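Have a look at protein_6.pdb; it's PDB, C-alpha atoms, pLDDT in the B column:
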```
ATOM      1  CA  MET J   1     -45.177  -6.800 -39.642  1.00 35.00           C
ATOM      2  CA  GLU J   2     -45.644  -3.076 -39.099  1.00 33.00           C
ATOM      3  CA  PRO J   3     -46.351  -0.854 -42.125  1.00 37.00           C
ATOM      4  CA  HIS J   4     -43.848   1.725 -43.296  1.00 39.00           C
ATOM      5  CA  GLY J   5     -43.863   4.945 -41.297  1.00 42.00           C
ATOM      6  CA  GLN J   6     -44.003   5.547 -37.555  1.00 39.00           C
ATOM      7  CA  SER J   7     -46.357   3.388 -35.563  1.00 39.00           C
ATOM      8  CA  PRO J   8     -48.228   4.961 -32.619  1.00 39.00           C
ATOM      9  CA  TRP J   9     -46.912   2.037 -30.570  1.00 38.00           C
ATOM     10  CA  SER J  10     -43.328   3.057 -31.441  1.00 46.00           C
ATOM     11  CA  SER J  11     -43.939   6.558 -30.088  1.00 52.00           C
ATOM     12  CA  ALA J  12     -45.383   5.195 -26.853  1.00 53.00           C
ATOM     13  CA  LYS J  13     -42.428   2.818 -26.442  1.00 55.00           C
ATOM     14  CA  ALA J  14     -39.967   5.685 -26.993  1.00 48.00           C
ATOM     15  CA  ASP J  15     -41.705   7.752 -24.325  1.00 56.00           C
ATOM     16  CA  LYS J  16     -41.424   4.876 -21.839  1.00 53.00           C
ATOM     17  CA  ILE J  17     -37.733   4.382 -22.593  1.00 47.00           C
ATOM     18  CA  SER J  18     -37.087   8.105 -22.179  1.00 49.00           C
ATOM     19  CA  LEU J  19     -38.922   8.108 -18.833  1.00 50.00           C
ATOM     20  CA  PHE J  20     -36.869   5.083 -17.668  1.00 46.00           C
ATOM     21  CA  LEU J  21     -33.564   6.700 -18.613  1.00 45.00           C
ATOM     22  CA  ASN J  22     -34.490   9.966 -16.898  1.00 51.00           C
ATOM     23  CA  PHE J  23     -35.619   8.196 -13.730  1.00 47.00           C
ATOM     24  CA  PHE J  24     -32.477   6.086 -13.311  1.00 45.00           C
ATOM     25  CA  PRO J  25     -29.094   7.880 -13.357  1.00 48.00           C
ATOM     26  CA  ARG J  26     -26.670   6.965 -16.081  1.00 50.00           C
ATOM     27  CA  VAL J  27     -24.162   4.347 -14.973  1.00 54.00           C
ATOM     28  CA  LEU J  28     -20.729   5.633 -15.862  1.00 68.00           C
ATOM     29  CA  ALA J  29     -17.933   3.260 -16.747  1.00 84.00           C
ATOM     30  CA  MET J  30     -14.776   3.254 -14.683  1.00 93.00           C
ATOM     31  CA  ILE J  31     -11.497   3.686 -16.499  1.00 96.00           C
ATOM     32  CA  ILE J  32      -8.918   1.055 -15.514  1.00 98.00           C
ATOM     33  CA  LYS J  33      -5.412   1.164 -16.944  1.00 98.00           C
ATOM     34  CA  ASN J  34      -2.862  -1.460 -15.919  1.00 98.00           C
ATOM     35  CA  ILE J  35       0.845  -0.661 -16.263  1.00 98.00           C
ATOM     36  CA  VAL J  36       3.405  -3.325 -15.360  1.00 98.00           C
ATOM     37  CA  VAL J  37       6.394  -1.607 -13.747  1.00 98.00           C
ATOM     38  CA  GLY J  38       9.786  -2.388 -12.271  1.00 96.00           C
ATOM     39  CA  PRO J  39      11.985  -5.479 -12.148  1.00 94.00           C
ATOM     40  CA  LEU J  40       9.422  -7.371 -10.018  1.00 96.00           C
ATOM     41  CA  GLU J  41       6.663  -6.619 -12.561  1.00 98.00           C
ATOM     42  CA  VAL J  42       4.228  -4.854 -10.270  1.00 98.00           C
ATOM     43  CA  ASN J  43       0.753  -4.043 -11.554  1.00 98.00           C
ATOM     44  CA  CYS J  44       0.255  -0.301 -11.196  1.00 98.00           C
ATOM     45  CA  TYR J  45      -3.371   0.672 -11.811  1.00 98.00           C
ATOM     46  CA  ILE J  46      -4.796   3.994 -12.878  1.00 98.00           C
ATOM     47  CA  LEU J  47      -8.476   4.388 -11.986  1.00 98.00           C
ATOM     48  CA  GLY J  48     -10.488   7.118 -13.618  1.00 97.00           C
ATOM     49  CA  CYS J  49     -14.030   8.448 -13.563  1.00 97.00           C
ATOM     50  CA  GLU J  50     -15.342   8.504 -17.144  1.00 95.00           C
ATOM     51  CA  ASP J  51     -17.455  11.586 -16.430  1.00 94.00           C
ATOM     52  CA  THR J  52     -15.032  13.897 -14.600  1.00 96.00           C
ATOM     53  CA  ARG J  53     -11.699  12.342 -15.718  1.00 97.00           C
ATOM     54  CA  GLU J  54     -10.510  12.464 -12.102  1.00 98.00           C
ATOM     55  CA  ALA J  55      -8.042   9.645 -11.436  1.00 98.00           C
ATOM     56  CA  ALA J  56      -6.273   7.765  -8.668  1.00 98.00           C
ATOM     57  CA  ILE J  57      -2.970   5.931  -9.080  1.00 98.00           C
ATOM     58  CA  ILE J  58      -2.597   2.648  -7.197  1.00 98.00           C
ATOM     59  CA  ASP J  59       0.836   1.214  -6.343  1.00 98.00           C
ATOM     60  CA  PRO J  60       3.180   3.147  -8.648  1.00 98.00           C
ATOM     61  CA  GLY J  61       6.130   0.911  -7.850  1.00 97.00           C
ATOM     62  CA  ALA J  62       8.612   2.148 -10.469  1.00 97.00           C
ATOM     63  CA  ASP J  63       8.856   3.624 -13.984  1.00 97.00           C
ATOM     64  CA  ALA J  64       7.194   6.881 -12.948  1.00 98.00           C
ATOM     65  CA  ASP J  65       7.782   8.421 -16.385  1.00 98.00           C
ATOM     66  CA  LYS J  66       5.799   5.631 -18.033  1.00 98.00           C
ATOM     67  CA  ILE J  67       2.913   6.098 -15.610  1.00 98.00           C
ATOM     68  CA  ILE J  68       2.880   9.858 -16.098  1.00 98.00           C
ATOM     69  CA  LYS J  69       2.771   9.430 -19.880  1.00 98.00           C
ATOM     70  CA  VAL J  70      -0.282   7.152 -19.670  1.00 98.00           C
ATOM     71  CA  VAL J  71      -2.091   9.591 -17.375  1.00 98.00           C
ATOM     72  CA  GLU J  72      -1.433  12.472 -19.738  1.00 97.00           C
ATOM     73  CA  LYS J  73      -2.249  10.482 -22.878  1.00 97.00           C
ATOM     74  CA  GLU J  74      -5.637   9.552 -21.407  1.00 96.00           C
ATOM     75  CA  ARG J  75      -6.221  13.194 -20.417  1.00 97.00           C
ATOM     76  CA  LEU J  76      -6.857  12.248 -16.826  1.00 98.00           C
ATOM     77  CA  ALA J  77      -6.647  14.558 -13.825  1.00 98.00           C
ATOM     78  CA  PRO J  78      -4.900  12.629 -11.030  1.00 98.00           C
ATOM     79  CA  LYS J  79      -6.117  13.545  -7.555  1.00 98.00           C
ATOM     80  CA  LEU J  80      -4.206  11.131  -5.331  1.00 98.00           C
ATOM     81  CA  ILE J  81      -1.931   8.135  -5.008  1.00 98.00           C
ATOM     82  CA  ILE J  82      -3.357   5.269  -2.965  1.00 98.00           C
ATOM     83  CA  ASN J  83      -1.171   2.324  -2.052  1.00 98.00           C
ATOM     84  CA  THR J  84      -2.217  -1.135  -0.966  1.00 98.00           C
ATOM     85  CA  HIS J  85       0.974  -1.460   1.073  1.00 98.00           C
ATOM     86  CA  ALA J  86       4.506  -0.096   1.299  1.00 98.00           C
ATOM     87  CA  HIS J  87       6.897  -2.745   0.064  1.00 97.00           C
ATOM     88  CA  PHE J  88       9.561  -1.089  -2.055  1.00 95.00           C
ATOM     89  CA  ASP J  89       8.397  -2.608  -5.343  1.00 96.00           C
ATOM     90  CA  HIS J  90       5.014  -0.880  -4.917  1.00 98.00           C
ATOM     91  CA  VAL J  91       6.360   2.493  -3.710  1.00 97.00           C
ATOM     92  CA  GLY J  92       9.391   3.207  -5.896  1.00 96.00           C
ATOM     93  CA  GLY J  93       7.617   5.622  -8.251  1.00 97.00           C
ATOM     94  CA  VAL J  94       5.532   7.478  -5.671  1.00 98.00           C
ATOM     95  CA  TRP J  95       7.896  10.364  -4.953  1.00 96.00           C
ATOM     96  CA  MET J  96       8.337  11.389  -8.601  1.00 97.00           C
ATOM     97  CA  ILE J  97       4.614  11.158  -9.396  1.00 98.00           C
ATOM     98  CA  GLN J  98       3.726  12.981  -6.188  1.00 97.00           C
ATOM     99  CA  ASP J  99       6.116  15.784  -7.131  1.00 96.00           C
ATOM    100  CA  HIS J 100       5.044  15.939 -10.797  1.00 98.00           C
ATOM    101  CA  PHE J 101       1.286  16.189 -10.207  1.00 98.00           C
ATOM    102  CA  LYS J 102       1.406  17.806  -6.734  1.00 98.00           C
ATOM    103  CA  ILE J 103      -1.006  15.248  -5.287  1.00 98.00           C
ATOM    104  CA  ASP J 104      -1.383  13.491  -1.938  1.00 98.00           C
ATOM    105  CA  PHE J 105      -0.081  10.027  -1.107  1.00 98.00           C
ATOM    106  CA  LEU J 106      -2.427   7.900   1.037  1.00 98.00           C
ATOM    107  CA  LEU J 107      -1.377   4.851   3.040  1.00 98.00           C
ATOM    108  CA  HIS J 108      -2.422   2.898   6.137  1.00 98.00           C
ATOM    109  CA  LYS J 109      -0.560   4.066   9.260  1.00 98.00           C
ATOM    110  CA  ASP J 110       0.715   0.559  10.008  1.00 98.00           C
ATOM    111  CA  GLU J 111       2.871   0.734   6.869  1.00 98.00           C
ATOM    112  CA  LEU J 112       5.009   3.638   8.074  1.00 97.00           C
ATOM    113  CA  PHE J 113       7.760   1.354   9.353  1.00 96.00           C
ATOM    114  CA  LEU J 114       8.176   0.060   5.794  1.00 96.00           C
ATOM    115  CA  ILE J 115       8.364   3.588   4.373  1.00 96.00           C
ATOM    116  CA  GLU J 116      11.092   4.353   6.890  1.00 94.00           C
ATOM    117  CA  ASN J 117      13.025   1.281   5.700  1.00 92.00           C
ATOM    118  CA  LEU J 118      12.563   1.626   1.938  1.00 92.00           C
ATOM    119  CA  ASN J 119      16.273   1.708   1.180  1.00 86.00           C
ATOM    120  CA  GLU J 120      16.985  -1.364   3.278  1.00 89.00           C
ATOM    121  CA  GLN J 121      14.206  -3.167   1.429  1.00 91.00           C
ATOM    122  CA  ALA J 122      15.551  -2.204  -2.004  1.00 89.00           C
ATOM    123  CA  THR J 123      19.216  -2.884  -1.307  1.00 88.00           C
ATOM    124  CA  SER J 124      18.380  -6.304   0.124  1.00 86.00           C
ATOM    125  CA  PHE J 125      17.207  -7.173  -3.403  1.00 85.00           C
ATOM    126  CA  GLY J 126      20.315  -5.632  -4.938  1.00 88.00           C
ATOM    127  CA  LEU J 127      18.405  -2.611  -6.280  1.00 85.00           C
ATOM    128  CA  ASP J 128      19.043   1.141  -6.142  1.00 85.00           C
ATOM    129  CA  ARG J 129      17.998   3.347  -3.265  1.00 85.00           C
ATOM    130  CA  ILE J 130      14.449   4.777  -3.369  1.00 89.00           C
ATOM    131  CA  PRO J 131      13.501   8.368  -2.472  1.00 87.00           C
ATOM    132  CA  GLU J 132      11.233   8.318   0.578  1.00 91.00           C
ATOM    133  CA  PRO J 133       7.827   9.844  -0.224  1.00 95.00           C
ATOM    134  CA  ASP J 134       5.761  11.941   2.156  1.00 95.00           C
ATOM    135  CA  VAL J 135       2.616  10.230   3.422  1.00 98.00           C
ATOM    136  CA  ASN J 136       0.014  13.023   3.408  1.00 98.00           C
ATOM    137  CA  LYS J 137      -3.002  11.158   4.780  1.00 98.00           C
ATOM    138  CA  PHE J 138      -3.780   7.817   6.370  1.00 98.00           C
ATOM    139  CA  VAL J 139      -6.478   5.460   5.128  1.00 98.00           C
ATOM    140  CA  ASN J 140      -8.508   3.382   7.565  1.00 98.00           C
ATOM    141  CA  ASP J 141     -10.825   0.426   7.247  1.00 98.00           C
ATOM    142  CA  GLY J 142     -14.214   1.542   5.984  1.00 98.00           C
ATOM    143  CA  ASP J 143     -13.052   4.870   4.588  1.00 98.00           C
ATOM    144  CA  LYS J 144     -14.724   6.040   1.390  1.00 98.00           C
ATOM    145  CA  ILE J 145     -12.635   7.935  -1.140  1.00 98.00           C
ATOM    146  CA  SER J 146     -14.496  10.056  -3.685  1.00 97.00           C
ATOM    147  CA  LEU J 147     -13.180  10.026  -7.236  1.00 97.00           C
ATOM    148  CA  GLY J 148     -15.491  12.057  -9.448  1.00 95.00           C
ATOM    149  CA  GLN J 149     -18.763  10.119  -9.550  1.00 95.00           C
ATOM    150  CA  LYS J 150     -17.080   7.013  -8.120  1.00 97.00           C
ATOM    151  CA  VAL J 151     -16.597   6.004  -4.485  1.00 97.00           C
ATOM    152  CA  ILE J 152     -13.698   3.754  -3.487  1.00 98.00           C
ATOM    153  CA  LYS J 153     -14.098   1.786  -0.248  1.00 98.00           C
ATOM    154  CA  VAL J 154     -11.048   0.916   1.848  1.00 98.00           C
ATOM    155  CA  ILE J 155     -10.890  -2.635   3.247  1.00 98.00           C
ATOM    156  CA  HIS J 156      -8.110  -3.426   5.725  1.00 98.00           C
ATOM    157  CA  THR J 157      -6.599  -6.843   4.933  1.00 98.00           C
ATOM    158  CA  PRO J 158      -3.521  -7.383   7.106  1.00 98.00           C
ATOM    159  CA  GLY J 159      -1.349 -10.446   6.683  1.00 98.00           C
ATOM    160  CA  HIS J 160       1.109  -9.758   3.878  1.00 98.00           C
ATOM    161  CA  THR J 161       1.869  -6.545   5.753  1.00 98.00           C
ATOM    162  CA  PRO J 162       0.248  -5.141   8.928  1.00 98.00           C
ATOM    163  CA  GLY J 163      -1.358  -2.200   7.155  1.00 98.00           C
ATOM    164  CA  GLY J 164      -2.245  -3.851   3.867  1.00 98.00           C
ATOM    165  CA  VAL J 165      -5.514  -2.608   2.379  1.00 98.00           C
ATOM    166  CA  CYS J 166      -7.667  -3.311  -0.655  1.00 99.00           C
ATOM    167  CA  TYR J 167      -9.688  -0.813  -2.679  1.00 98.00           C
ATOM    168  CA  TYR J 168     -13.225  -1.771  -3.708  1.00 98.00           C
ATOM    169  CA  VAL J 169     -15.185   0.069  -6.392  1.00 98.00           C
ATOM    170  CA  ASP J 170     -17.761  -0.899  -9.029  1.00 96.00           C
ATOM    171  CA  ASN J 171     -17.630  -4.654  -8.378  1.00 96.00           C
ATOM    172  CA  SER J 172     -13.843  -4.593  -8.717  1.00 98.00           C
ATOM    173  CA  ILE J 173     -11.244  -4.893  -5.987  1.00 98.00           C
ATOM    174  CA  PHE J 174      -7.575  -3.944  -6.123  1.00 98.00           C
ATOM    175  CA  VAL J 175      -5.824  -6.226  -3.665  1.00 98.00           C
ATOM    176  CA  GLY J 176      -2.094  -5.539  -3.960  1.00 98.00           C
ATOM    177  CA  ASP J 177      -0.224  -8.602  -2.705  1.00 98.00           C
ATOM    178  CA  THR J 178      -3.029  -9.903  -0.495  1.00 98.00           C
ATOM    179  CA  MET J 179      -4.094 -12.451  -3.104  1.00 98.00           C
ATOM    180  CA  PHE J 180      -3.081 -13.522  -6.611  1.00 98.00           C
ATOM    181  CA  ALA J 181      -4.567 -15.740  -9.284  1.00 98.00           C
ATOM    182  CA  GLY J 182      -3.843 -19.159  -7.800  1.00 98.00           C
ATOM    183  CA  SER J 183      -1.742 -17.931  -4.898  1.00 98.00           C
ATOM    184  CA  ILE J 184      -1.456 -15.524  -1.962  1.00 98.00           C
ATOM    185  CA  GLY J 185       1.051 -12.941  -0.793  1.00 98.00           C
ATOM    186  CA  ARG J 186       4.276 -13.922   0.944  1.00 97.00           C
ATOM    187  CA  THR J 187       4.216 -14.101   4.714  1.00 97.00           C
ATOM    188  CA  ASP J 188       7.912 -14.434   5.481  1.00 95.00           C
ATOM    189  CA  PHE J 189       8.549 -10.681   5.805  1.00 93.00           C
ATOM    190  CA  PRO J 190       8.720  -8.628   9.021  1.00 90.00           C
ATOM    191  CA  GLY J 191       5.177  -7.963  10.182  1.00 95.00           C
ATOM    192  CA  SER J 192       3.659 -10.690   7.999  1.00 97.00           C
ATOM    193  CA  SER J 193       1.364 -13.455   9.245  1.00 98.00           C
ATOM    194  CA  TYR J 194       0.041 -16.428   7.282  1.00 98.00           C
ATOM    195  CA  GLU J 195      -2.905 -16.992   9.637  1.00 98.00           C
ATOM    196  CA  THR J 196      -3.871 -13.313   9.549  1.00 98.00           C
ATOM    197  CA  LEU J 197      -3.667 -13.192   5.754  1.00 98.00           C
ATOM    198  CA  ILE J 198      -5.911 -16.229   5.260  1.00 98.00           C
ATOM    199  CA  LYS J 199      -8.404 -14.759   7.731  1.00 98.00           C
ATOM    200  CA  SER J 200      -8.377 -11.423   5.892  1.00 98.00           C
ATOM    201  CA  ILE J 201      -9.085 -13.063   2.554  1.00 98.00           C
ATOM    202  CA  LYS J 202     -11.843 -15.353   3.775  1.00 98.00           C
ATOM    203  CA  GLU J 203     -13.554 -12.873   6.105  1.00 98.00           C
ATOM    204  CA  ARG J 204     -13.038  -9.554   4.274  1.00 98.00           C
ATOM    205  CA  LEU J 205     -12.826 -10.442   0.567  1.00 98.00           C
ATOM    206  CA  PHE J 206     -14.881 -13.601   0.010  1.00 98.00           C
ATOM    207  CA  PRO J 207     -18.118 -12.013   1.314  1.00 98.00           C
ATOM    208  CA  LEU J 208     -17.954  -9.416  -1.471  1.00 98.00           C
ATOM    209  CA  GLY J 209     -19.290 -12.052  -3.889  1.00 98.00           C
ATOM    210  CA  ASP J 210     -18.020 -14.558  -6.435  1.00 98.00           C
ATOM    211  CA  GLY J 211     -18.479 -12.211  -9.376  1.00 98.00           C
ATOM    212  CA  VAL J 212     -16.175  -9.489  -8.075  1.00 98.00           C
ATOM    213  CA  MET J 213     -13.168  -8.857 -10.328  1.00 98.00           C
ATOM    214  CA  VAL J 214      -9.829  -9.101  -8.523  1.00 98.00           C
ATOM    215  CA  TYR J 215      -6.885  -6.991  -9.695  1.00 98.00           C
ATOM    216  CA  PRO J 216      -3.722  -8.173  -7.903  1.00 98.00           C
ATOM    217  CA  GLY J 217      -0.336  -6.553  -7.465  1.00 98.00           C
ATOM    218  CA  HIS J 218       1.359  -9.116  -9.711  1.00 98.00           C
ATOM    219  CA  GLY J 219       0.104 -11.369 -12.488  1.00 98.00           C
ATOM    220  CA  PRO J 220      -3.277 -11.671 -14.206  1.00 98.00           C
ATOM    221  CA  SER J 221      -6.666 -10.588 -12.913  1.00 98.00           C
ATOM    222  CA  THR J 222      -9.114 -13.134 -11.534  1.00 98.00           C
ATOM    223  CA  THR J 223     -12.408 -13.271  -9.623  1.00 98.00           C
ATOM    224  CA  ILE J 224     -13.366 -13.934  -6.022  1.00 98.00           C
ATOM    225  CA  GLY J 225     -15.272 -17.042  -7.129  1.00 98.00           C
ATOM    226  CA  ASN J 226     -12.347 -18.461  -9.057  1.00 98.00           C
ATOM    227  CA  GLU J 227      -9.990 -18.088  -6.097  1.00 98.00           C
ATOM    228  CA  LYS J 228     -12.545 -19.412  -3.615  1.00 97.00           C
ATOM    229  CA  ASN J 229     -12.993 -22.567  -5.685  1.00 97.00           C
ATOM    230  CA  HIS J 230      -9.558 -23.158  -7.187  1.00 98.00           C
ATOM    231  CA  ASN J 231      -6.829 -21.366  -5.235  1.00 98.00           C
ATOM    232  CA  PRO J 232      -4.929 -24.164  -3.414  1.00 98.00           C
ATOM    233  CA  PHE J 233      -4.225 -21.881  -0.430  1.00 98.00           C
ATOM    234  CA  LEU J 234      -7.878 -21.011   0.028  1.00 97.00           C
ATOM    235  CA  THR J 235      -9.970 -24.070  -0.855  1.00 91.00           C
TER     236      THR J 235
END
```

Entire entry expressed as structure tokens:
Amino acid sequence: MEPHGQSPWSSAKADKISLFLNFFPRVLAMIIKNIVVGPLEVNCYILGCEDTREAAIIDPGADADKIIKVVEKERLAPKLIINTHAHFDHVGGVWMIQDHFKIDFLLHKDELFLIENLNEQATSFGLDRIPEPDVNKFVNDGDKISLGQKVIKVIHTPGHTPGGVCYYVDNSIFVGDTMFAGSIGRTDFPGSSYETLIKSIKERLFPLGDGVMVYPGHGPSTTIGNEKNHNPFLT
């Protein structure tokens, strides 16, 4: 037991800890806010850099006012909207958010045919017409999107839709409707393919590692390992 007062060993240990912390950069937490929106209960995600407060909004499918309020409450500075795909339930709030914050909307080019048919999509479900947003930039497989001190990697995962993508950052992946906890995205829509979707999941997502957190477009979060071992469509 050390005597009262500062031990010379304590001072040496403090110097070593200080040197360690100065040598390795501080790992900043990523802000993740999940907002369930619209009649189909889509998971809209707000990603933020803890250091700079810059944010990206993923799949704002409806309830734009609710999303805007969360962004402003958290004192985030949204820089862009990035969508996993362009089905109406994931795009319905884009136009209003785009207009409110004056930010770009990013999407894969193979989703444009869905943007052009947003109203047909919505009315086929008995829902109101949706304002068509402007797509400002296209994302491609392998792109890296800077968000403050964070870097988001784009992974193209066609199958649910031709231009479906996932966003990978900090051991977390935002997959839209590519994969769910215990299930996968529907493949009975125009441009969908069951075989392509299964290939995308097994060849593009599984190699990321079992410990990667998966944030889907509907339902609860999961992990790559859990879906690899227990998802009946993938085991």

Please identify all polymer residues within 10 Å of Thr178 of chain J, counting all atoms listed in the file, omitting same-chain residues fewer than 2 positions from it, and present them as a PyMOL selection string.
-> chain J and resi 84-85+157-161+164-166+174-176+180+183-187+197-198+200-201+205+216-217

Would you list the contacts of segment 41-44 of chain J as a PyMOL selection string, taking every protein, DNA or RNA residue within 8 Å and counting only C-alpha atoms, but skipping same-chain residues closer than 4 positions in sequence?
-> chain J and resi 34-37+57-61+89-90+216-219

Box time for segment 47-60 of chain J: axis-aligned, enclosing all its listed atoms, 8 Å extra on each side; report centre and edge lengths in Å to one decimal, as lines of an AutoDock Vina configuration file.
```
center_x = -7.1
center_y = 7.6
center_z = -11.7
size_x = 36.6
size_y = 28.7
size_z = 26.8
```

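Residues matched by the PyMOL selection byres ((chain J and resi 47) around 6) in this file: Ile31, Ile32, Ile46, Gly48, Ala55 and Ala56 of chain J.
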
Name the residues in contact with Trp95 of chain J at a cut-off of 10 Å, using only C-alpha atoms, excluding same-chain residues fewer than 5 positions from it; report them as a list in words.
->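 Here the qualifying residues turn out to be Pro60, Ala62, Ala64, His100, Phe105, Ile130, Pro131, Glu132, Pro133, Asp134 and Val135 of chain J.
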
Would you write out those residues with C-alpha atoms, as a JSON list (two decimals), in the coordinates of the input?
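And here is the file that came out, part.json:
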```json
[["chain", "number", "residue", "atom", "x", "y", "z"],
["J", 60, "PRO", "CA", 3.18, 3.15, -8.65],
["J", 62, "ALA", "CA", 8.61, 2.15, -10.47],
["J", 64, "ALA", "CA", 7.19, 6.88, -12.95],
["J", 100, "HIS", "CA", 5.04, 15.94, -10.80],
["J", 105, "PHE", "CA", -0.08, 10.03, -1.11],
["J", 130, "ILE", "CA", 14.45, 4.78, -3.37],
["J", 131, "PRO", "CA", 13.50, 8.37, -2.47],
["J", 132, "GLU", "CA", 11.23, 8.32, 0.58],
["J", 133, "PRO", "CA", 7.83, 9.84, -0.22],
["J", 134, "ASP", "CA", 5.76, 11.94, 2.16],
["J", 135, "VAL", "CA", 2.62, 10.23, 3.42]]
```

Fewer than 5 positions away in the same chain doesn't count, so skip those; otherwise give me all residues within 12 Å of segment 146-149 of chain J, counting only C-alpha atoms, as a PyMOL selection string.
-> chain J and resi 25-31+46-57+76-82+154+167-170

Closest of J:Gly92, J:Phe233, J:Thr123, J:Asp99 to Tyr194 of chain J - atom-to-atom distances counting only C-alpha atoms = J:Phe233

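Distance check against His156 of chain J using all atoms listed in the file: of J:Asn119, J:Asn229, J:Thr196, J:Asn171, the minimum falls on J:Thr196.
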
Calculate how many Å separate atom CA of Ile224 of chain J from atom CA of Phe206 of chain J, rounding to one decimal.
-> 6.2 Å
